[in-house]
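This is work10.pdb. It holds PDB, C-alpha atoms, pLDDT in the B column.
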ATOM      1  CA  MET A   1       0.000   0.000   0.000  1.00 59.00           C
ATOM      2  CA  SER A   2       1.315   3.440  -0.878  1.00 62.00           C
ATOM      3  CA  VAL A   3       1.875   6.306   1.534  1.00 61.00           C
ATOM      4  CA  ARG A   4      -1.056   8.093  -0.073  1.00 70.00           C
ATOM      5  CA  GLY A   5      -3.322   5.031   0.660  1.00 71.00           C
ATOM      6  CA  TRP A   6      -2.241   4.992   4.307  1.00 72.00           C
ATOM      7  CA  THR A   7      -2.921   8.678   4.666  1.00 81.00           C
ATOM      8  CA  LYS A   8      -6.368   8.324   3.142  1.00 77.00           C
ATOM      9  CA  THR A   9      -7.250   5.400   5.472  1.00 79.00           C
ATOM     10  CA  LEU A  10      -5.941   7.282   8.514  1.00 74.00           C
ATOM     11  CA  VAL A  11      -7.965  10.419   7.630  1.00 74.00           C
ATOM     12  CA  TRP A  12     -11.156   8.353   7.249  1.00 71.00           C
ATOM     13  CA  ALA A  13     -10.510   6.583  10.556  1.00 73.00           C
ATOM     14  CA  LEU A  14     -10.048   9.960  12.299  1.00 70.00           C
ATOM     15  CA  VAL A  15     -13.236  11.336  10.693  1.00 73.00           C
ATOM     16  CA  LEU A  16     -15.238   8.283  11.846  1.00 68.00           C
ATOM     17  CA  LEU A  17     -13.786   8.515  15.382  1.00 69.00           C
ATOM     18  CA  ALA A  18     -14.617  12.245  15.531  1.00 70.00           C
ATOM     19  CA  CYS A  19     -18.199  11.552  14.379  1.00 66.00           C
ATOM     20  CA  ALA A  20     -18.574   8.804  16.990  1.00 69.00           C
ATOM     21  CA  GLY A  21     -17.217  11.146  19.686  1.00 68.00           C
ATOM     22  CA  VAL A  22     -19.601  13.975  18.713  1.00 65.00           C
ATOM     23  CA  GLY A  23     -22.548  11.531  18.617  1.00 67.00           C
ATOM     24  CA  ALA A  24     -21.677  10.154  22.061  1.00 68.00           C
ATOM     25  CA  PHE A  25     -21.388  13.675  23.477  1.00 63.00           C
ATOM     26  CA  ILE A  26     -24.785  14.724  22.069  1.00 68.00           C
ATOM     27  CA  ALA A  27     -26.424  11.498  23.283  1.00 64.00           C
ATOM     28  CA  SER A  28     -25.099  12.033  26.811  1.00 65.00           C
ATOM     29  CA  ARG A  29     -26.778  15.463  26.957  1.00 65.00           C
ATOM     30  CA  THR A  30     -30.123  14.403  25.469  1.00 65.00           C
ATOM     31  CA  ASN A  31     -33.200  12.899  27.218  1.00 61.00           C
ATOM     32  CA  PRO A  32     -34.546  10.112  24.985  1.00 58.00           C
ATOM     33  CA  PHE A  33     -37.836  10.265  26.911  1.00 54.00           C
ATOM     34  CA  PRO A  34     -39.060  13.871  26.954  1.00 56.00           C
ATOM     35  CA  PRO A  35     -41.868  14.884  29.374  1.00 54.00           C
ATOM     36  CA  GLY A  36     -44.983  12.821  28.787  1.00 52.00           C
ATOM     37  CA  VAL A  37     -43.096   9.813  27.369  1.00 52.00           C
ATOM     38  CA  ARG A  38     -42.634   6.942  29.814  1.00 55.00           C
ATOM     39  CA  ASP A  39     -39.320   5.072  30.017  1.00 53.00           C
ATOM     40  CA  PRO A  40     -40.238   1.425  29.291  1.00 51.00           C
ATOM     41  CA  VAL A  41     -37.332   0.042  31.326  1.00 50.00           C
ATOM     42  CA  ALA A  42     -37.490   2.360  34.346  1.00 52.00           C
ATOM     43  CA  LEU A  43     -37.678   0.509  37.663  1.00 50.00           C
ATOM     44  CA  PRO A  44     -40.780   1.161  39.767  1.00 51.00           C
ATOM     45  CA  SER A  45     -38.606   2.411  42.634  1.00 52.00           C
ATOM     46  CA  GLU A  46     -37.182   5.138  40.403  1.00 50.00           C
ATOM     47  CA  SER A  47     -40.542   6.722  39.598  1.00 48.00           C
ATOM     48  CA  PRO A  48     -43.290   5.853  42.093  1.00 49.00           C
ATOM     49  CA  SER A  49     -46.851   5.890  40.883  1.00 49.00           C
ATOM     50  CA  PRO A  50     -48.748   9.045  41.862  1.00 48.00           C
ATOM     51  CA  SER A  51     -51.425   6.847  43.459  1.00 49.00           C
ATOM     52  CA  THR A  52     -48.932   5.462  45.985  1.00 50.00           C
ATOM     53  CA  ILE A  53     -49.490   6.985  49.444  1.00 54.00           C
ATOM     54  CA  ASP A  54     -46.902   6.653  52.194  1.00 67.00           C
ATOM     55  CA  LEU A  55     -48.634   5.914  55.494  1.00 83.00           C
ATOM     56  CA  VAL A  56     -47.303   6.400  58.996  1.00 90.00           C
ATOM     57  CA  ARG A  57     -48.798   3.925  61.450  1.00 94.00           C
ATOM     58  CA  TRP A  58     -49.082   4.333  65.200  1.00 95.00           C
ATOM     59  CA  SER A  59     -50.492   2.062  67.863  1.00 96.00           C
ATOM     60  CA  LEU A  60     -52.814   3.855  70.274  1.00 97.00           C
ATOM     61  CA  THR A  61     -53.886   2.891  73.787  1.00 97.00           C
ATOM     62  CA  MET A  62     -56.536   4.609  75.841  1.00 97.00           C
ATOM     63  CA  SER A  63     -57.632   4.183  79.434  1.00 97.00           C
ATOM     64  CA  SER A  64     -60.798   5.863  80.667  1.00 97.00           C
ATOM     65  CA  ARG A  65     -62.449   5.948  84.096  1.00 97.00           C
ATOM     66  CA  THR A  66     -66.059   7.070  83.780  1.00 97.00           C
ATOM     67  CA  THR A  67     -69.013   7.898  86.023  1.00 97.00           C
ATOM     68  CA  HIS A  68     -72.658   8.379  85.091  1.00 97.00           C
ATOM     69  CA  THR A  69     -74.699  10.144  87.788  1.00 97.00           C
ATOM     70  CA  TYR A  70     -78.427   9.732  87.205  1.00 94.00           C
ATOM     71  CA  HIS A  71     -80.852  12.627  87.794  1.00 91.00           C
ATOM     72  CA  VAL A  72     -83.117  10.313  89.835  1.00 91.00           C
ATOM     73  CA  GLY A  73     -80.195   9.469  92.131  1.00 91.00           C
ATOM     74  CA  GLY A  74     -77.409   6.918  92.118  1.00 94.00           C
ATOM     75  CA  SER A  75     -74.465   6.418  89.787  1.00 96.00           C
ATOM     76  CA  CYS A  76     -72.579   3.818  87.778  1.00 96.00           C
ATOM     77  CA  THR A  77     -68.811   3.705  87.283  1.00 97.00           C
ATOM     78  CA  SER A  78     -66.681   1.836  84.771  1.00 97.00           C
ATOM     79  CA  ASP A  79     -63.100   1.532  83.579  1.00 97.00           C
ATOM     80  CA  TRP A  80     -62.296   0.959  79.913  1.00 98.00           C
ATOM     81  CA  ARG A  81     -59.147   0.163  77.977  1.00 98.00           C
ATOM     82  CA  LEU A  82     -58.933   0.712  74.233  1.00 98.00           C
ATOM     83  CA  GLN A  83     -56.245  -0.656  71.928  1.00 98.00           C
ATOM     84  CA  GLY A  84     -56.133   0.382  68.313  1.00 97.00           C
ATOM     85  CA  GLU A  85     -54.072   1.543  65.380  1.00 97.00           C
ATOM     86  CA  ILE A  86     -54.123   4.776  63.423  1.00 97.00           C
ATOM     87  CA  GLU A  87     -52.711   5.655  60.007  1.00 96.00           C
ATOM     88  CA  LEU A  88     -51.489   9.093  59.007  1.00 93.00           C
ATOM     89  CA  THR A  89     -51.413   9.939  55.295  1.00 90.00           C
ATOM     90  CA  GLU A  90     -49.107  12.435  53.573  1.00 87.00           C
ATOM     91  CA  SER A  91     -52.058  14.834  53.386  1.00 91.00           C
ATOM     92  CA  GLY A  92     -52.206  14.838  57.195  1.00 93.00           C
ATOM     93  CA  ARG A  93     -55.442  12.896  57.613  1.00 96.00           C
ATOM     94  CA  VAL A  94     -55.760  10.373  60.448  1.00 96.00           C
ATOM     95  CA  ASP A  95     -57.894   7.229  60.182  1.00 96.00           C
ATOM     96  CA  GLY A  96     -57.972   4.337  62.573  1.00 97.00           C
ATOM     97  CA  ARG A  97     -59.921   1.848  64.545  1.00 97.00           C
ATOM     98  CA  GLY A  98     -59.792   0.296  67.979  1.00 97.00           C
ATOM     99  CA  VAL A  99     -61.679  -1.897  70.406  1.00 98.00           C
ATOM    100  CA  ALA A 100     -62.459  -0.715  73.922  1.00 98.00           C
ATOM    101  CA  ARG A 101     -62.975  -3.406  76.564  1.00 98.00           C
ATOM    102  CA  LEU A 102     -64.679  -3.040  79.923  1.00 98.00           C
ATOM    103  CA  LEU A 103     -62.299  -3.788  82.784  1.00 97.00           C
ATOM    104  CA  PRO A 104     -63.381  -5.695  85.926  1.00 96.00           C
ATOM    105  CA  GLY A 105     -64.968  -3.616  88.681  1.00 94.00           C
ATOM    106  CA  ALA A 106     -67.757  -1.831  86.795  1.00 94.00           C
ATOM    107  CA  ARG A 107     -70.661  -1.262  89.156  1.00 94.00           C
ATOM    108  CA  CYS A 108     -73.846   0.658  89.864  1.00 95.00           C
ATOM    109  CA  ASP A 109     -74.962   1.591  93.396  1.00 93.00           C
ATOM    110  CA  PHE A 110     -78.491   0.448  92.578  1.00 92.00           C
ATOM    111  CA  PRO A 111     -79.955  -2.712  91.017  1.00 90.00           C
ATOM    112  CA  SER A 112     -80.350  -2.629  87.211  1.00 87.00           C
ATOM    113  CA  ALA A 113     -81.947  -5.071  84.780  1.00 88.00           C
ATOM    114  CA  GLN A 114     -79.980  -3.569  81.868  1.00 91.00           C
ATOM    115  CA  VAL A 115     -77.054  -5.536  80.444  1.00 92.00           C
ATOM    116  CA  GLN A 116     -73.724  -3.701  80.691  1.00 93.00           C
ATOM    117  CA  ALA A 117     -71.785  -3.375  77.424  1.00 95.00           C
ATOM    118  CA  ARG A 118     -68.444  -5.191  77.555  1.00 97.00           C
ATOM    119  CA  ARG A 119     -66.884  -4.187  74.256  1.00 97.00           C
ATOM    120  CA  VAL A 120     -67.116  -1.140  71.990  1.00 97.00           C
ATOM    121  CA  VAL A 121     -65.764  -0.826  68.439  1.00 97.00           C
ATOM    122  CA  VAL A 122     -64.398   2.706  68.006  1.00 97.00           C
ATOM    123  CA  SER A 123     -63.493   4.687  64.871  1.00 97.00           C
ATOM    124  CA  ILE A 124     -60.579   7.127  65.323  1.00 97.00           C
ATOM    125  CA  VAL A 125     -60.388  10.165  63.022  1.00 97.00           C
ATOM    126  CA  GLY A 126     -58.472  13.421  62.931  1.00 96.00           C
ATOM    127  CA  ARG A 127     -55.721  15.522  61.364  1.00 96.00           C
ATOM    128  CA  ARG A 128     -52.082  16.405  61.858  1.00 95.00           C
ATOM    129  CA  GLU A 129     -51.651  19.990  63.073  1.00 93.00           C
ATOM    130  CA  GLY A 130     -47.962  20.922  63.239  1.00 91.00           C
ATOM    131  CA  ASP A 131     -46.236  18.264  65.343  1.00 92.00           C
ATOM    132  CA  GLU A 132     -49.466  17.127  67.044  1.00 94.00           C
ATOM    133  CA  LEU A 133     -52.331  14.845  66.098  1.00 95.00           C
ATOM    134  CA  ASP A 134     -55.859  16.125  66.756  1.00 96.00           C
ATOM    135  CA  LEU A 135     -58.052  13.087  67.381  1.00 96.00           C
ATOM    136  CA  ARG A 136     -61.756  12.328  67.790  1.00 96.00           C
ATOM    137  CA  PHE A 137     -63.483   9.048  68.635  1.00 96.00           C
ATOM    138  CA  LEU A 138     -66.760   7.657  67.282  1.00 96.00           C
ATOM    139  CA  GLU A 139     -68.628   4.586  68.518  1.00 95.00           C
ATOM    140  CA  GLU A 140     -69.385   2.004  65.821  1.00 95.00           C
ATOM    141  CA  GLY A 141     -71.013  -0.800  67.805  1.00 93.00           C
ATOM    142  CA  LEU A 142     -71.530  -2.459  71.195  1.00 94.00           C
ATOM    143  CA  LYS A 143     -71.150  -6.057  72.305  1.00 94.00           C
ATOM    144  CA  PRO A 144     -73.166  -7.896  73.413  1.00 94.00           C
ATOM    145  CA  VAL A 145     -75.873  -6.731  71.033  1.00 91.00           C
ATOM    146  CA  GLY A 146     -78.617  -4.851  72.883  1.00 90.00           C
ATOM    147  CA  SER A 147     -76.373  -3.944  75.829  1.00 93.00           C
ATOM    148  CA  GLN A 148     -76.094  -0.479  77.393  1.00 91.00           C
ATOM    149  CA  ASP A 149     -73.161   1.653  78.483  1.00 93.00           C
ATOM    150  CA  LEU A 150     -74.219   2.262  82.082  1.00 94.00           C
ATOM    151  CA  GLY A 151     -71.098   4.114  83.234  1.00 95.00           C
ATOM    152  CA  GLY A 152     -71.143   6.920  80.636  1.00 94.00           C
ATOM    153  CA  PHE A 153     -68.060   5.967  78.615  1.00 96.00           C
ATOM    154  CA  LEU A 154     -69.715   6.606  75.240  1.00 94.00           C
ATOM    155  CA  GLN A 155     -71.266   9.920  76.284  1.00 93.00           C
ATOM    156  CA  THR A 156     -67.877  11.431  77.133  1.00 94.00           C
ATOM    157  CA  LEU A 157     -65.937   9.612  74.398  1.00 93.00           C
ATOM    158  CA  SER A 158     -67.948  11.250  71.617  1.00 90.00           C
ATOM    159  CA  LYS A 159     -67.177  14.720  73.041  1.00 93.00           C
ATOM    160  CA  LEU A 160     -63.445  14.231  73.610  1.00 93.00           C
ATOM    161  CA  ARG A 161     -60.948  16.120  71.432  1.00 93.00           C
ATOM    162  CA  PHE A 162     -57.313  15.196  71.994  1.00 94.00           C
ATOM    163  CA  SER A 163     -54.173  16.959  70.780  1.00 94.00           C
ATOM    164  CA  ILE A 164     -51.287  14.565  71.281  1.00 94.00           C
ATOM    165  CA  PRO A 165     -47.590  14.961  70.343  1.00 94.00           C
ATOM    166  CA  GLU A 166     -46.777  12.866  67.274  1.00 93.00           C
ATOM    167  CA  ARG A 167     -43.985  10.724  68.684  1.00 92.00           C
ATOM    168  CA  ALA A 168     -43.536   7.344  70.333  1.00 90.00           C
ATOM    169  CA  GLY A 169     -44.585   7.764  73.943  1.00 92.00           C
ATOM    170  CA  GLY A 170     -46.588  10.907  73.151  1.00 93.00           C
ATOM    171  CA  ALA A 171     -49.411  11.060  75.680  1.00 95.00           C
ATOM    172  CA  ALA A 172     -52.251  13.285  76.851  1.00 95.00           C
ATOM    173  CA  THR A 173     -54.782  13.158  79.686  1.00 95.00           C
ATOM    174  CA  LYS A 174     -58.122  14.901  79.623  1.00 94.00           C
ATOM    175  CA  PRO A 175     -60.959  15.185  82.136  1.00 95.00           C
ATOM    176  CA  LYS A 176     -64.447  15.678  80.737  1.00 95.00           C
ATOM    177  CA  ARG A 177     -67.746  16.536  82.423  1.00 95.00           C
ATOM    178  CA  ILE A 178     -71.080  16.786  80.622  1.00 95.00           C
ATOM    179  CA  GLU A 179     -74.457  17.671  82.092  1.00 94.00           C
ATOM    180  CA  ASP A 180     -77.345  17.087  79.724  1.00 92.00           C
ATOM    181  CA  PRO A 181     -80.698  18.952  79.778  1.00 92.00           C
ATOM    182  CA  ASP A 182     -82.338  16.057  81.688  1.00 91.00           C
ATOM    183  CA  GLY A 183     -79.896  16.462  84.590  1.00 92.00           C
ATOM    184  CA  GLU A 184     -77.776  13.401  83.797  1.00 95.00           C
ATOM    185  CA  ILE A 185     -74.071  13.977  84.538  1.00 97.00           C
ATOM    186  CA  TYR A 186     -71.284  12.127  82.724  1.00 97.00           C
ATOM    187  CA  ALA A 187     -67.679  12.467  83.837  1.00 97.00           C
ATOM    188  CA  SER A 188     -64.461  10.829  82.722  1.00 97.00           C
ATOM    189  CA  VAL A 189     -60.700  11.016  83.029  1.00 97.00           C
ATOM    190  CA  THR A 190     -59.170   9.646  79.840  1.00 97.00           C
ATOM    191  CA  ARG A 191     -55.526   9.113  78.904  1.00 97.00           C
ATOM    192  CA  ILE A 192     -54.203   8.195  75.466  1.00 96.00           C
ATOM    193  CA  ARG A 193     -50.703   7.216  74.395  1.00 96.00           C
ATOM    194  CA  LEU A 194     -49.001   6.587  71.055  1.00 95.00           C
ATOM    195  CA  GLY A 195     -46.596   3.730  70.387  1.00 94.00           C
ATOM    196  CA  ARG A 196     -44.946   1.962  67.481  1.00 84.00           C
TER     197      ARG A 196
END
Once more with this new file: its structure as C-alpha coordinates, please.
Amino acid sequence: MSVRGWTKTLVWALVLLACAGVGAFIASRTNPFPPGVRDPVALPSESPSPSTIDLVRWSLTMSSRTTHTYHVGGSCTSDWRLQGEIELTESGRVDGRGVARLLPGARCDFPSAQVQARRVVVSIVGRREGDELDLRFLEEGLKPVGSQDLGGFLQTLSKLRFSIPERAGGAATKPKRIEDPDGEIYASVTRIRLGR
(Lines of atoms letter the chains of each structure in order from A and count residues from 1; the text may use other names and numbers.)
(Lines give C-alpha, C1' and ligand atoms only; values in the text may rest on other atoms or scores of the structure.)
Protein backbone atom coordinates (compact mmCIF):
# COMPACT_ATOMS: atom_id res chain seq x y z
CA MET A 1 0.00 0.00 0.00
CA SER A 2 1.32 3.44 -0.88
CA VAL A 3 1.88 6.31 1.53
CA ARG A 4 -1.06 8.09 -0.07
CA GLY A 5 -3.32 5.03 0.66
CA TRP A 6 -2.24 4.99 4.31
CA THR A 7 -2.92 8.68 4.67
CA LYS A 8 -6.37 8.32 3.14
CA THR A 9 -7.25 5.40 5.47
CA LEU A 10 -5.94 7.28 8.51
CA VAL A 11 -7.96 10.42 7.63
CA TRP A 12 -11.16 8.35 7.25
CA ALA A 13 -10.51 6.58 10.56
CA LEU A 14 -10.05 9.96 12.30
CA VAL A 15 -13.24 11.34 10.69
CA LEU A 16 -15.24 8.28 11.85
CA LEU A 17 -13.79 8.52 15.38
CA ALA A 18 -14.62 12.24 15.53
CA CYS A 19 -18.20 11.55 14.38
CA ALA A 20 -18.57 8.80 16.99
CA GLY A 21 -17.22 11.15 19.69
CA VAL A 22 -19.60 13.97 18.71
CA GLY A 23 -22.55 11.53 18.62
CA ALA A 24 -21.68 10.15 22.06
CA PHE A 25 -21.39 13.67 23.48
CA ILE A 26 -24.78 14.72 22.07
CA ALA A 27 -26.42 11.50 23.28
CA SER A 28 -25.10 12.03 26.81
CA ARG A 29 -26.78 15.46 26.96
CA THR A 30 -30.12 14.40 25.47
CA ASN A 31 -33.20 12.90 27.22
CA PRO A 32 -34.55 10.11 24.98
CA PHE A 33 -37.84 10.27 26.91
CA PRO A 34 -39.06 13.87 26.95
CA PRO A 35 -41.87 14.88 29.37
CA GLY A 36 -44.98 12.82 28.79
CA VAL A 37 -43.10 9.81 27.37
CA ARG A 38 -42.63 6.94 29.81
CA ASP A 39 -39.32 5.07 30.02
CA PRO A 40 -40.24 1.43 29.29
CA VAL A 41 -37.33 0.04 31.33
CA ALA A 42 -37.49 2.36 34.35
CA LEU A 43 -37.68 0.51 37.66
CA PRO A 44 -40.78 1.16 39.77
CA SER A 45 -38.61 2.41 42.63
CA GLU A 46 -37.18 5.14 40.40
CA SER A 47 -40.54 6.72 39.60
CA PRO A 48 -43.29 5.85 42.09
CA SER A 49 -46.85 5.89 40.88
CA PRO A 50 -48.75 9.05 41.86
CA SER A 51 -51.42 6.85 43.46
CA THR A 52 -48.93 5.46 45.99
CA ILE A 53 -49.49 6.99 49.44
CA ASP A 54 -46.90 6.65 52.19
CA LEU A 55 -48.63 5.91 55.49
CA VAL A 56 -47.30 6.40 59.00
CA ARG A 57 -48.80 3.93 61.45
CA TRP A 58 -49.08 4.33 65.20
CA SER A 59 -50.49 2.06 67.86
CA LEU A 60 -52.81 3.85 70.27
CA THR A 61 -53.89 2.89 73.79
CA MET A 62 -56.54 4.61 75.84
CA SER A 63 -57.63 4.18 79.43
CA SER A 64 -60.80 5.86 80.67
CA ARG A 65 -62.45 5.95 84.10
CA THR A 66 -66.06 7.07 83.78
CA THR A 67 -69.01 7.90 86.02
CA HIS A 68 -72.66 8.38 85.09
CA THR A 69 -74.70 10.14 87.79
CA TYR A 70 -78.43 9.73 87.20
CA HIS A 71 -80.85 12.63 87.79
CA VAL A 72 -83.12 10.31 89.84
CA GLY A 73 -80.19 9.47 92.13
CA GLY A 74 -77.41 6.92 92.12
CA SER A 75 -74.46 6.42 89.79
CA CYS A 76 -72.58 3.82 87.78
CA THR A 77 -68.81 3.71 87.28
CA SER A 78 -66.68 1.84 84.77
CA ASP A 79 -63.10 1.53 83.58
CA TRP A 80 -62.30 0.96 79.91
CA ARG A 81 -59.15 0.16 77.98
CA LEU A 82 -58.93 0.71 74.23
CA GLN A 83 -56.24 -0.66 71.93
CA GLY A 84 -56.13 0.38 68.31
CA GLU A 85 -54.07 1.54 65.38
CA ILE A 86 -54.12 4.78 63.42
CA GLU A 87 -52.71 5.65 60.01
CA LEU A 88 -51.49 9.09 59.01
CA THR A 89 -51.41 9.94 55.30
CA GLU A 90 -49.11 12.44 53.57
CA SER A 91 -52.06 14.83 53.39
CA GLY A 92 -52.21 14.84 57.19
CA ARG A 93 -55.44 12.90 57.61
CA VAL A 94 -55.76 10.37 60.45
CA ASP A 95 -57.89 7.23 60.18
CA GLY A 96 -57.97 4.34 62.57
CA ARG A 97 -59.92 1.85 64.55
CA GLY A 98 -59.79 0.30 67.98
CA VAL A 99 -61.68 -1.90 70.41
CA ALA A 100 -62.46 -0.71 73.92
CA ARG A 101 -62.97 -3.41 76.56
CA LEU A 102 -64.68 -3.04 79.92
CA LEU A 103 -62.30 -3.79 82.78
CA PRO A 104 -63.38 -5.69 85.93
CA GLY A 105 -64.97 -3.62 88.68
CA ALA A 106 -67.76 -1.83 86.79
CA ARG A 107 -70.66 -1.26 89.16
CA CYS A 108 -73.85 0.66 89.86
CA ASP A 109 -74.96 1.59 93.40
CA PHE A 110 -78.49 0.45 92.58
CA PRO A 111 -79.95 -2.71 91.02
CA SER A 112 -80.35 -2.63 87.21
CA ALA A 113 -81.95 -5.07 84.78
CA GLN A 114 -79.98 -3.57 81.87
CA VAL A 115 -77.05 -5.54 80.44
CA GLN A 116 -73.72 -3.70 80.69
CA ALA A 117 -71.79 -3.37 77.42
CA ARG A 118 -68.44 -5.19 77.56
CA ARG A 119 -66.88 -4.19 74.26
CA VAL A 120 -67.12 -1.14 71.99
CA VAL A 121 -65.76 -0.83 68.44
CA VAL A 122 -64.40 2.71 68.01
CA SER A 123 -63.49 4.69 64.87
CA ILE A 124 -60.58 7.13 65.32
CA VAL A 125 -60.39 10.16 63.02
CA GLY A 126 -58.47 13.42 62.93
CA ARG A 127 -55.72 15.52 61.36
CA ARG A 128 -52.08 16.40 61.86
CA GLU A 129 -51.65 19.99 63.07
CA GLY A 130 -47.96 20.92 63.24
CA ASP A 131 -46.24 18.26 65.34
CA GLU A 132 -49.47 17.13 67.04
CA LEU A 133 -52.33 14.84 66.10
CA ASP A 134 -55.86 16.13 66.76
CA LEU A 135 -58.05 13.09 67.38
CA ARG A 136 -61.76 12.33 67.79
CA PHE A 137 -63.48 9.05 68.64
CA LEU A 138 -66.76 7.66 67.28
CA GLU A 139 -68.63 4.59 68.52
CA GLU A 140 -69.39 2.00 65.82
CA GLY A 141 -71.01 -0.80 67.80
CA LEU A 142 -71.53 -2.46 71.19
CA LYS A 143 -71.15 -6.06 72.31
CA PRO A 144 -73.17 -7.90 73.41
CA VAL A 145 -75.87 -6.73 71.03
CA GLY A 146 -78.62 -4.85 72.88
CA SER A 147 -76.37 -3.94 75.83
CA GLN A 148 -76.09 -0.48 77.39
CA ASP A 149 -73.16 1.65 78.48
CA LEU A 150 -74.22 2.26 82.08
CA GLY A 151 -71.10 4.11 83.23
CA GLY A 152 -71.14 6.92 80.64
CA PHE A 153 -68.06 5.97 78.62
CA LEU A 154 -69.71 6.61 75.24
CA GLN A 155 -71.27 9.92 76.28
CA THR A 156 -67.88 11.43 77.13
CA LEU A 157 -65.94 9.61 74.40
CA SER A 158 -67.95 11.25 71.62
CA LYS A 159 -67.18 14.72 73.04
CA LEU A 160 -63.44 14.23 73.61
CA ARG A 161 -60.95 16.12 71.43
CA PHE A 162 -57.31 15.20 71.99
CA SER A 163 -54.17 16.96 70.78
CA ILE A 164 -51.29 14.56 71.28
CA PRO A 165 -47.59 14.96 70.34
CA GLU A 166 -46.78 12.87 67.27
CA ARG A 167 -43.99 10.72 68.68
CA ALA A 168 -43.54 7.34 70.33
CA GLY A 169 -44.59 7.76 73.94
CA GLY A 170 -46.59 10.91 73.15
CA ALA A 171 -49.41 11.06 75.68
CA ALA A 172 -52.25 13.28 76.85
CA THR A 173 -54.78 13.16 79.69
CA LYS A 174 -58.12 14.90 79.62
CA PRO A 175 -60.96 15.18 82.14
CA LYS A 176 -64.45 15.68 80.74
CA ARG A 177 -67.75 16.54 82.42
CA ILE A 178 -71.08 16.79 80.62
CA GLU A 179 -74.46 17.67 82.09
CA ASP A 180 -77.34 17.09 79.72
CA PRO A 181 -80.70 18.95 79.78
CA ASP A 182 -82.34 16.06 81.69
CA GLY A 183 -79.90 16.46 84.59
CA GLU A 184 -77.78 13.40 83.80
CA ILE A 185 -74.07 13.98 84.54
CA TYR A 186 -71.28 12.13 82.72
CA ALA A 187 -67.68 12.47 83.84
CA SER A 188 -64.46 10.83 82.72
CA VAL A 189 -60.70 11.02 83.03
CA THR A 190 -59.17 9.65 79.84
CA ARG A 191 -55.53 9.11 78.90
CA ILE A 192 -54.20 8.19 75.47
CA ARG A 193 -50.70 7.22 74.40
CA LEU A 194 -49.00 6.59 71.06
CA GLY A 195 -46.60 3.73 70.39
CA ARG A 196 -44.95 1.96 67.48
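Distance-wise, CA of Leu88 (chain A) and CA of Arg57 (chain A) end up 6.3 Å apart.
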Given the PyMOL selection byres ((chain A and resi 174-189) around 9), the residues it picks as a PyMOL selection string: chain A and resi 63-72+151-153+155-157+159-162+172-173+190-192
Result set, the PyMOL selection byres ((chain A and resi 87) around 9) on current file, as a list in words: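 Those residues are Leu55, Val56, Arg57, Trp58, Ser59, Glu85, Ile86, Leu88, Thr89, Arg93, Val94, Asp95 and Gly96 of chain A.
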Interatomic distance, CA of Ile124 (chain A) to CA of Arg97 (chain A) (Å, one decimal): 5.4 Å
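Nearest-residue note for Glu139 (chain A): choosing from A:Arg167, A:Arg196, A:Arg119, A:Lys8, the minimum distance belongs to A:Arg119, counting only C-alpha atoms.
Take CA of Ser75 (chain A) and CA of Pro111 (chain A): the distance between them is 10.7 Å.
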For Gly92 (chain A), the nearest of the candidates A:Arg4, A:Arg127, A:Lys143, A:Arg136, counting all atoms listed in the file: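 Comparing A:Arg4, A:Arg127, A:Lys143, A:Arg136 against Gly92 (chain A), the winner is A:Arg127.
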